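Reproduced below: model-v4.tsv, with TSV, C-alpha atoms.
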```
chain	number	residue	atom	x	y	z
D	383	MET	CA	0.00	0.00	0.00
D	384	SER	CA	1.10	3.49	-0.75
D	385	ALA	CA	0.49	6.64	1.37
D	386	SER	CA	-1.56	9.45	-0.08
D	387	LEU	CA	0.16	12.44	-1.64
D	388	PRO	CA	-0.67	14.81	1.26
D	389	THR	CA	0.67	12.27	3.77
D	390	ARG	CA	3.92	11.87	1.82
D	391	ARG	CA	4.32	15.66	1.59
D	392	LEU	CA	3.74	16.07	5.33
D	393	LEU	CA	6.25	13.31	6.11
D	394	ALA	CA	8.83	14.89	3.77
D	395	ALA	CA	8.34	18.30	5.44
D	396	VAL	CA	8.79	16.81	8.95
D	397	LEU	CA	11.94	14.94	7.90
D	398	ALA	CA	13.37	18.05	6.22
D	399	ALA	CA	12.70	20.18	9.32
D	400	GLY	CA	14.31	17.53	11.53
D	401	SER	CA	17.37	17.46	9.27
D	402	LEU	CA	17.75	21.24	9.47
D	403	VAL	CA	17.49	21.27	13.26
D	404	GLY	CA	19.95	18.39	13.56
D	405	ALA	CA	22.41	19.98	11.12
D	406	THR	CA	22.51	23.24	13.07
D	407	ALA	CA	22.51	21.77	16.59
D	408	LEU	CA	25.12	19.03	16.20
D	409	PRO	CA	28.04	21.14	15.00
D	410	ALA	CA	27.52	23.61	17.86
D	411	ALA	CA	27.59	20.84	20.45
D	412	ALA	CA	30.58	19.20	18.80
D	413	HIS	CA	32.33	22.56	18.62
D	414	ASP	CA	31.82	23.15	22.36
D	415	ASP	CA	33.22	19.70	23.15
D	416	ASP	CA	36.23	20.33	20.88
D	417	ARG	CA	36.94	23.64	22.63
D	418	ARG	CA	36.78	21.97	26.07
D	419	ASP	CA	39.03	19.13	24.92
D	420	ARG	CA	41.58	21.58	23.50
D	421	ARG	CA	41.58	23.56	26.77
D	422	ALA	CA	42.11	20.39	28.82
D	423	ALA	CA	44.81	19.12	26.46
D	424	ARG	CA	46.65	22.43	26.60
D	425	HIS	CA	47.46	21.92	30.30
D	426	SER	CA	47.49	18.15	30.50
D	427	ALA	CA	51.21	18.08	29.64
D	428	LEU	CA	52.09	20.21	32.69
D	429	ALA	CA	52.90	18.41	35.91
D	430	ILE	CA	54.69	18.90	39.19
D	431	GLY	CA	57.92	16.93	38.93
D	432	ASP	CA	60.59	16.41	41.55
D	433	VAL	CA	60.48	18.18	44.91
D	434	GLN	CA	63.35	19.06	47.22
D	435	HIS	CA	61.43	20.10	50.34
D	436	GLU	CA	64.16	20.50	52.91
D	437	SER	CA	66.66	23.31	52.70
D	438	ARG	CA	69.97	21.99	53.88
D	439	THR	CA	71.84	23.82	56.61
D	440	ARG	CA	75.43	24.78	55.94
D	441	THR	CA	77.98	26.72	57.94
D	442	ARG	CA	79.59	29.99	56.98
D	443	GLY	CA	82.82	31.45	58.23
D	444	GLY	CA	82.74	31.64	62.01
D	445	GLY	CA	80.70	28.44	62.27
D	446	ARG	CA	77.31	30.21	61.92
D	447	ALA	CA	74.61	27.89	60.51
D	448	VAL	CA	72.71	29.22	57.48
D	449	ASN	CA	69.78	27.67	55.63
D	450	ASP	CA	70.37	27.62	51.89
D	451	LEU	CA	66.81	28.23	50.73
D	452	ASN	CA	67.78	27.84	47.07
D	453	ARG	CA	68.31	24.13	47.70
D	454	GLU	CA	64.57	23.90	48.40
D	455	TRP	CA	62.54	23.76	45.19
D	456	VAL	CA	59.57	22.34	43.31
D	457	GLU	CA	59.94	21.39	39.65
D	458	VAL	CA	57.23	22.14	37.08
D	459	ARG	CA	57.52	19.97	33.95
D	460	ASN	CA	56.10	20.37	30.48
D	461	ASN	CA	55.90	16.79	29.24
D	462	GLY	CA	54.30	17.80	25.96
D	463	ARG	CA	55.89	18.93	22.70
D	464	GLN	CA	54.31	22.38	22.61
D	465	ALA	CA	55.58	25.33	24.64
D	466	VAL	CA	53.26	26.66	27.35
D	467	GLU	CA	53.11	30.26	28.59
D	468	LEU	CA	53.06	30.13	32.41
D	469	ARG	CA	52.24	33.81	32.97
D	470	GLY	CA	49.62	34.01	35.72
D	471	PHE	CA	50.03	30.38	36.82
D	472	THR	CA	50.53	29.86	40.56
D	473	LEU	CA	52.28	27.31	42.72
D	474	THR	CA	51.01	27.07	46.31
D	475	ASP	CA	51.64	25.02	49.44
D	476	ARG	CA	49.18	23.83	52.13
D	477	GLU	CA	49.65	26.99	54.18
D	478	GLY	CA	48.74	29.26	51.27
D	479	ASN	CA	52.24	30.48	50.37
D	480	ARG	CA	52.00	31.37	46.69
D	481	TYR	CA	54.43	31.89	43.84
D	482	ARG	CA	52.95	33.57	40.76
D	483	PHE	CA	54.75	33.01	37.47
D	484	ASP	CA	55.51	36.15	35.53
D	485	ARG	CA	56.68	35.95	31.94
D	486	LEU	CA	57.91	32.43	31.41
D	487	ARG	CA	57.46	30.32	28.32
D	488	LEU	CA	58.17	26.69	29.22
D	489	ASP	CA	59.34	24.86	26.12
D	490	GLY	CA	58.09	21.38	25.33
D	491	ARG	CA	59.88	18.53	27.10
D	492	SER	CA	61.52	20.91	29.59
D	493	SER	CA	61.17	21.97	33.20
D	494	VAL	CA	61.66	24.89	35.56
D	495	ARG	CA	62.59	24.75	39.23
D	496	VAL	CA	60.84	27.16	41.58
D	497	HIS	CA	63.40	27.87	44.34
D	498	THR	CA	62.38	29.24	47.72
D	499	GLY	CA	65.26	31.69	48.19
D	500	HIS	CA	66.66	34.63	46.25
D	501	GLY	CA	68.24	34.63	42.81
D	502	ARG	CA	68.01	35.80	39.24
D	503	ASP	CA	65.22	34.16	37.21
D	504	THR	CA	66.24	32.16	34.14
D	505	ARG	CA	64.43	29.79	31.77
D	506	THR	CA	65.23	26.84	34.04
D	507	ASP	CA	65.22	28.39	37.54
D	508	VAL	CA	62.94	30.98	39.14
D	509	TYR	CA	63.01	32.29	42.71
D	510	GLN	CA	60.28	33.07	45.26
D	511	ASP	CA	62.55	35.52	47.11
D	512	SER	CA	61.47	34.16	50.48
D	513	ARG	CA	63.55	34.54	53.62
D	514	ARG	CA	62.11	31.41	55.23
D	515	GLN	CA	61.50	27.79	54.34
D	516	ILE	CA	58.21	27.17	52.53
D	517	TRP	CA	58.07	23.47	51.68
D	518	ASP	CA	57.76	21.26	54.75
D	519	GLU	CA	58.59	17.57	55.02
D	520	ARG	CA	54.80	16.96	54.92
D	521	ASP	CA	53.24	19.28	52.37
D	522	THR	CA	51.25	19.62	49.16
D	523	ALA	CA	52.21	21.56	46.05
D	524	THR	CA	49.36	22.74	43.82
D	525	LEU	CA	49.85	24.16	40.33
D	526	ARG	CA	46.97	26.30	39.01
D	527	ASP	CA	46.52	27.95	35.64
D	528	ALA	CA	45.91	31.68	35.18
D	529	ARG	CA	42.15	31.14	35.72
D	530	GLY	CA	42.67	29.30	39.01
D	531	ASN	CA	41.96	25.81	37.66
D	532	ILE	CA	44.03	23.06	39.24
D	533	VAL	CA	46.52	21.66	36.74
D	534	ASP	CA	48.36	19.26	39.07
D	535	THR	CA	48.78	18.53	42.78
D	536	GLN	CA	51.43	16.49	44.54
D	537	SER	CA	51.66	15.66	48.26
D	538	TRP	CA	54.51	14.10	50.17
D	539	GLY	CA	55.56	13.14	53.67
D	540	GLY	CA	52.51	11.16	54.68
D	541	ARG	CA	52.49	7.40	54.57
D	542	GLU	CA	53.23	7.67	50.87
D	543	ASN	CA	53.54	10.38	48.25
D	544	HIS	CA	50.51	10.85	46.05
D	545	ARG	CA	49.22	12.85	43.10
D	546	ARG	CA	45.79	14.18	42.48
```
Whole structure given in structure tokens:
Amino acid sequence: MSASLPTRRLLAAVLAAGSLVGATALPAAAHDDDRRDRRAARHSALAIGDVQHESRTRTRGGGRAVNDLNREWVEVRNNGRQAVELRGFTLTDREGNRYRFDRLRLDGRSSVRVHTGHGRDTRTDVYQDSRRQIWDERDTATLRDARGNIVDTQSWGGRENHRR
């Protein structure tokens, strides 16, 4: 049996309208997902690497003990191939001490150490210019992007070290 001409026309109109709605809605949803995936992938290569949390004490002339705060550091790694601009990123500890990256482009497959003490910033070493120890033997380092989103977290000194 065959449907009448008005029924076929109505069915064709409904299918055509559905196609138009589907054609305009799907690319927008796919585009939003692509944008989110690109944003997540942009930071997924960044990670907190090695941590040296105890500044070692050394003696100066006269036998006076001095903490060498530049021997205390947290490494931020870019494990991806693409360079990442770290301007506005922050590195914090459990107590809220915060280092904010200024102009630093971290090349792909490279790292930068964030030292506690004083020094001259380079591509591989930056300094918090603190006069006291920041990273404790039991602590957590959190790396956030310029918008405040957590990129990576690493804790140590408990029963075992762990990442978030």
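When atom CA of D:Ser537 is paired with atom CA of D:Glu454, their separation reads 15.3 Å.
The neighbours of D:Gln464 here are the residues that come within 10 Å of it, using only C-alpha atoms and leaving out any residue fewer than 6 positions away in the same chain; they are Arg424, Ala427, Leu488, Asp489, Gly490 and Arg491 of chain D.
When only C-alpha atoms are used to compute distances to D:Gly540, the closest of the residues D:Glu477, D:Asp432, D:Asp507, D:Glu519 turns out to be D:Glu519.
Taking atom CA of D:Leu468 and atom CA of D:Thr522 as endpoints, the distance between them is 19.9 Å.
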| message | Applying 7 Å and only C-alpha atoms, which residues near D:Ala523 remain after dropping the ones on its own chain fewer than 4 positions away? List them as a VMD selection string. | response | chain D and resid 473 to 475 535 to 537
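Each of D:Arg487, D:Arg513, D:Arg495, D:Arg482 was compared to D:Asp450 using all atoms listed in the file, and D:Arg513 turns out to be the nearest.
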| field | Top pick for closest residue to D:Gly462, considering D:Ser426, D:Arg529, D:Gln510, D:Gly501 and counting all atoms listed in the file | value | D:Ser426
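Minimum distance to D:Tyr509 across D:Ser386, D:Asn461, D:Asn479, D:Asn452 (counting only C-alpha atoms) occurs at D:Asn452.
Atom pair atom CA of D:Asp511 / atom CA of D:Gly499 has a distance of 4.8 Å (rounded to one decimal).
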| request: Write out as a VMD selection string which residues come within 8 Å of D:Ala528 when counting only C-alpha atoms, dropping same-chain ones fewer than 4 positions away. | output: chain D and resid 468 to 472
Keeping only C-alpha atoms, take the residues you just selected and write them out as a PDB file, keeping the file's coordinate frame.
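Okay, this is what ended up in selection07.pdb:
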```pdb
ATOM      1  CA  LEU D 468      53.060  30.130  32.410  1.00  0.00           C
ATOM      2  CA  ARG D 469      52.240  33.810  32.970  1.00  0.00           C
ATOM      3  CA  GLY D 470      49.620  34.010  35.720  1.00  0.00           C
ATOM      4  CA  PHE D 471      50.030  30.380  36.820  1.00  0.00           C
ATOM      5  CA  THR D 472      50.530  29.860  40.560  1.00  0.00           C
TER       6      THR D 472
END
```
| said: Residues within 12 Å of D:Gly539, please, as a ChimeraX atom specification. Count only C-alpha atoms; anything in the same chain fewer than 3 positions from it doesn't count. | reply: /D:433-436,517-523,536,542-544
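Compared by their closest atoms to D:Ala429, and using all atoms listed in the file, the residues D:Arg514, D:Arg459, D:Arg505, D:Arg480 rank with D:Arg459 nearest.
Take the candidates D:Thr524, D:Thr498, D:Gln515, D:Asn531 and check each one against D:Val458 using only C-alpha atoms; the shortest distance goes to D:Thr524.
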Please return the centre and edge lengths, in Å to one decimal, of a box with edges along x, y and z that contains all listed atoms of stretch 493-506 of chain D, widened by 8 Å on every side, as JSON.
```
{"center_x": 64.5, "center_y": 28.9, "center_z": 40.0, "size_x": 23.4, "size_y": 29.8, "size_z": 32.4}
```
Hey, could you patch up stretch 483-506 of chain D with N, CA, C and O atoms and hand it over as a PDB file, in the coordinates of the input?
```
ATOM      1  N   PHE D 483      53.831  32.925  38.601  1.00  0.00           N
ATOM      2  CA  PHE D 483      54.750  33.010  37.470  1.00  0.00           C
ATOM      3  C   PHE D 483      54.505  34.306  36.720  1.00  0.00           C
ATOM      4  O   PHE D 483      53.366  34.697  36.482  1.00  0.00           O
ATOM      5  N   ASP D 484      55.589  34.951  36.354  1.00  0.00           N
ATOM      6  CA  ASP D 484      55.510  36.150  35.530  1.00  0.00           C
ATOM      7  C   ASP D 484      55.670  35.698  34.076  1.00  0.00           C
ATOM      8  O   ASP D 484      55.073  34.714  33.686  1.00  0.00           O
ATOM      9  N   ARG D 485      56.464  36.341  33.343  1.00  0.00           N
ATOM     10  CA  ARG D 485      56.680  35.950  31.940  1.00  0.00           C
ATOM     11  C   ARG D 485      57.635  34.780  31.880  1.00  0.00           C
ATOM     12  O   ARG D 485      58.822  34.919  32.099  1.00  0.00           O
ATOM     13  N   LEU D 486      57.079  33.612  31.568  1.00  0.00           N
ATOM     14  CA  LEU D 486      57.910  32.430  31.410  1.00  0.00           C
ATOM     15  C   LEU D 486      57.248  31.496  30.423  1.00  0.00           C
ATOM     16  O   LEU D 486      56.137  31.022  30.652  1.00  0.00           O
ATOM     17  N   ARG D 487      57.923  31.266  29.336  1.00  0.00           N
ATOM     18  CA  ARG D 487      57.460  30.320  28.320  1.00  0.00           C
ATOM     19  C   ARG D 487      58.245  29.028  28.544  1.00  0.00           C
ATOM     20  O   ARG D 487      59.460  29.000  28.378  1.00  0.00           O
ATOM     21  N   LEU D 488      57.537  27.983  28.939  1.00  0.00           N
ATOM     22  CA  LEU D 488      58.170  26.690  29.220  1.00  0.00           C
ATOM     23  C   LEU D 488      58.101  25.852  27.959  1.00  0.00           C
ATOM     24  O   LEU D 488      57.031  25.431  27.519  1.00  0.00           O
ATOM     25  N   ASP D 489      59.266  25.633  27.357  1.00  0.00           N
ATOM     26  CA  ASP D 489      59.340  24.860  26.120  1.00  0.00           C
ATOM     27  C   ASP D 489      58.859  23.437  26.343  1.00  0.00           C
ATOM     28  O   ASP D 489      58.845  22.943  27.474  1.00  0.00           O
ATOM     29  N   GLY D 490      58.488  22.778  25.262  1.00  0.00           N
ATOM     30  CA  GLY D 490      58.090  21.380  25.330  1.00  0.00           C
ATOM     31  C   GLY D 490      59.236  20.523  25.818  1.00  0.00           C
ATOM     32  O   GLY D 490      60.399  20.821  25.548  1.00  0.00           O
ATOM     33  N   ARG D 491      58.899  19.481  26.567  1.00  0.00           N
ATOM     34  CA  ARG D 491      59.880  18.530  27.100  1.00  0.00           C
ATOM     35  C   ARG D 491      60.969  19.227  27.920  1.00  0.00           C
ATOM     36  O   ARG D 491      62.149  18.909  27.831  1.00  0.00           O
ATOM     37  N   SER D 492      60.554  20.208  28.727  1.00  0.00           N
ATOM     38  CA  SER D 492      61.520  20.910  29.590  1.00  0.00           C
ATOM     39  C   SER D 492      60.879  21.164  30.944  1.00  0.00           C
ATOM     40  O   SER D 492      59.715  20.852  31.162  1.00  0.00           O
ATOM     41  N   SER D 493      61.672  21.721  31.864  1.00  0.00           N
ATOM     42  CA  SER D 493      61.170  21.970  33.200  1.00  0.00           C
ATOM     43  C   SER D 493      61.780  23.247  33.760  1.00  0.00           C
ATOM     44  O   SER D 493      62.771  23.761  33.244  1.00  0.00           O
ATOM     45  N   VAL D 494      61.159  23.736  34.826  1.00  0.00           N
ATOM     46  CA  VAL D 494      61.660  24.890  35.560  1.00  0.00           C
ATOM     47  C   VAL D 494      61.573  24.556  37.038  1.00  0.00           C
ATOM     48  O   VAL D 494      60.606  23.925  37.483  1.00  0.00           O
ATOM     49  N   ARG D 495      62.602  24.941  37.784  1.00  0.00           N
ATOM     50  CA  ARG D 495      62.590  24.750  39.230  1.00  0.00           C
ATOM     51  C   ARG D 495      62.224  26.068  39.892  1.00  0.00           C
ATOM     52  O   ARG D 495      62.808  27.103  39.596  1.00  0.00           O
ATOM     53  N   VAL D 496      61.265  25.993  40.817  1.00  0.00           N
ATOM     54  CA  VAL D 496      60.840  27.160  41.580  1.00  0.00           C
ATOM     55  C   VAL D 496      61.547  27.065  42.932  1.00  0.00           C
ATOM     56  O   VAL D 496      61.162  26.276  43.790  1.00  0.00           O
ATOM     57  N   HIS D 497      62.601  27.872  43.110  1.00  0.00           N
ATOM     58  CA  HIS D 497      63.400  27.870  44.340  1.00  0.00           C
ATOM     59  C   HIS D 497      62.763  28.782  45.377  1.00  0.00           C
ATOM     60  O   HIS D 497      62.154  29.802  45.045  1.00  0.00           O
ATOM     61  N   THR D 498      62.946  28.450  46.631  1.00  0.00           N
ATOM     62  CA  THR D 498      62.380  29.240  47.720  1.00  0.00           C
ATOM     63  C   THR D 498      63.127  30.554  47.924  1.00  0.00           C
ATOM     64  O   THR D 498      62.516  31.586  48.150  1.00  0.00           O
ATOM     65  N   GLY D 499      64.443  30.525  47.845  1.00  0.00           N
ATOM     66  CA  GLY D 499      65.260  31.690  48.190  1.00  0.00           C
ATOM     67  C   GLY D 499      65.340  32.760  47.118  1.00  0.00           C
ATOM     68  O   GLY D 499      64.439  32.911  46.286  1.00  0.00           O
ATOM     69  N   HIS D 500      66.450  33.497  47.147  1.00  0.00           N
ATOM     70  CA  HIS D 500      66.660  34.630  46.250  1.00  0.00           C
ATOM     71  C   HIS D 500      67.589  34.248  45.115  1.00  0.00           C
ATOM     72  O   HIS D 500      68.492  33.444  45.291  1.00  0.00           O
ATOM     73  N   GLY D 501      67.381  34.861  43.965  1.00  0.00           N
ATOM     74  CA  GLY D 501      68.240  34.630  42.810  1.00  0.00           C
ATOM     75  C   GLY D 501      67.714  35.357  41.604  1.00  0.00           C
ATOM     76  O   GLY D 501      66.711  36.073  41.665  1.00  0.00           O
ATOM     77  N   ARG D 502      68.401  35.167  40.499  1.00  0.00           N
ATOM     78  CA  ARG D 502      68.010  35.800  39.240  1.00  0.00           C
ATOM     79  C   ARG D 502      67.275  34.770  38.390  1.00  0.00           C
ATOM     80  O   ARG D 502      67.823  33.699  38.093  1.00  0.00           O
ATOM     81  N   ASP D 503      66.043  35.087  37.996  1.00  0.00           N
ATOM     82  CA  ASP D 503      65.220  34.160  37.210  1.00  0.00           C
ATOM     83  C   ASP D 503      65.859  33.875  35.852  1.00  0.00           C
ATOM     84  O   ASP D 503      66.380  34.782  35.193  1.00  0.00           O
ATOM     85  N   THR D 504      65.805  32.601  35.458  1.00  0.00           N
ATOM     86  CA  THR D 504      66.240  32.160  34.140  1.00  0.00           C
ATOM     87  C   THR D 504      65.150  31.290  33.551  1.00  0.00           C
ATOM     88  O   THR D 504      64.086  31.120  34.159  1.00  0.00           O
ATOM     89  N   ARG D 505      65.415  30.681  32.403  1.00  0.00           N
ATOM     90  CA  ARG D 505      64.430  29.790  31.770  1.00  0.00           C
ATOM     91  C   ARG D 505      64.274  28.480  32.541  1.00  0.00           C
ATOM     92  O   ARG D 505      63.265  27.804  32.408  1.00  0.00           O
ATOM     93  N   THR D 506      65.267  28.127  33.340  1.00  0.00           N
ATOM     94  CA  THR D 506      65.230  26.840  34.040  1.00  0.00           C
ATOM     95  C   THR D 506      65.100  26.966  35.556  1.00  0.00           C
ATOM     96  O   THR D 506      64.843  25.968  36.228  1.00  0.00           O
TER      97      THR D 506
END
```
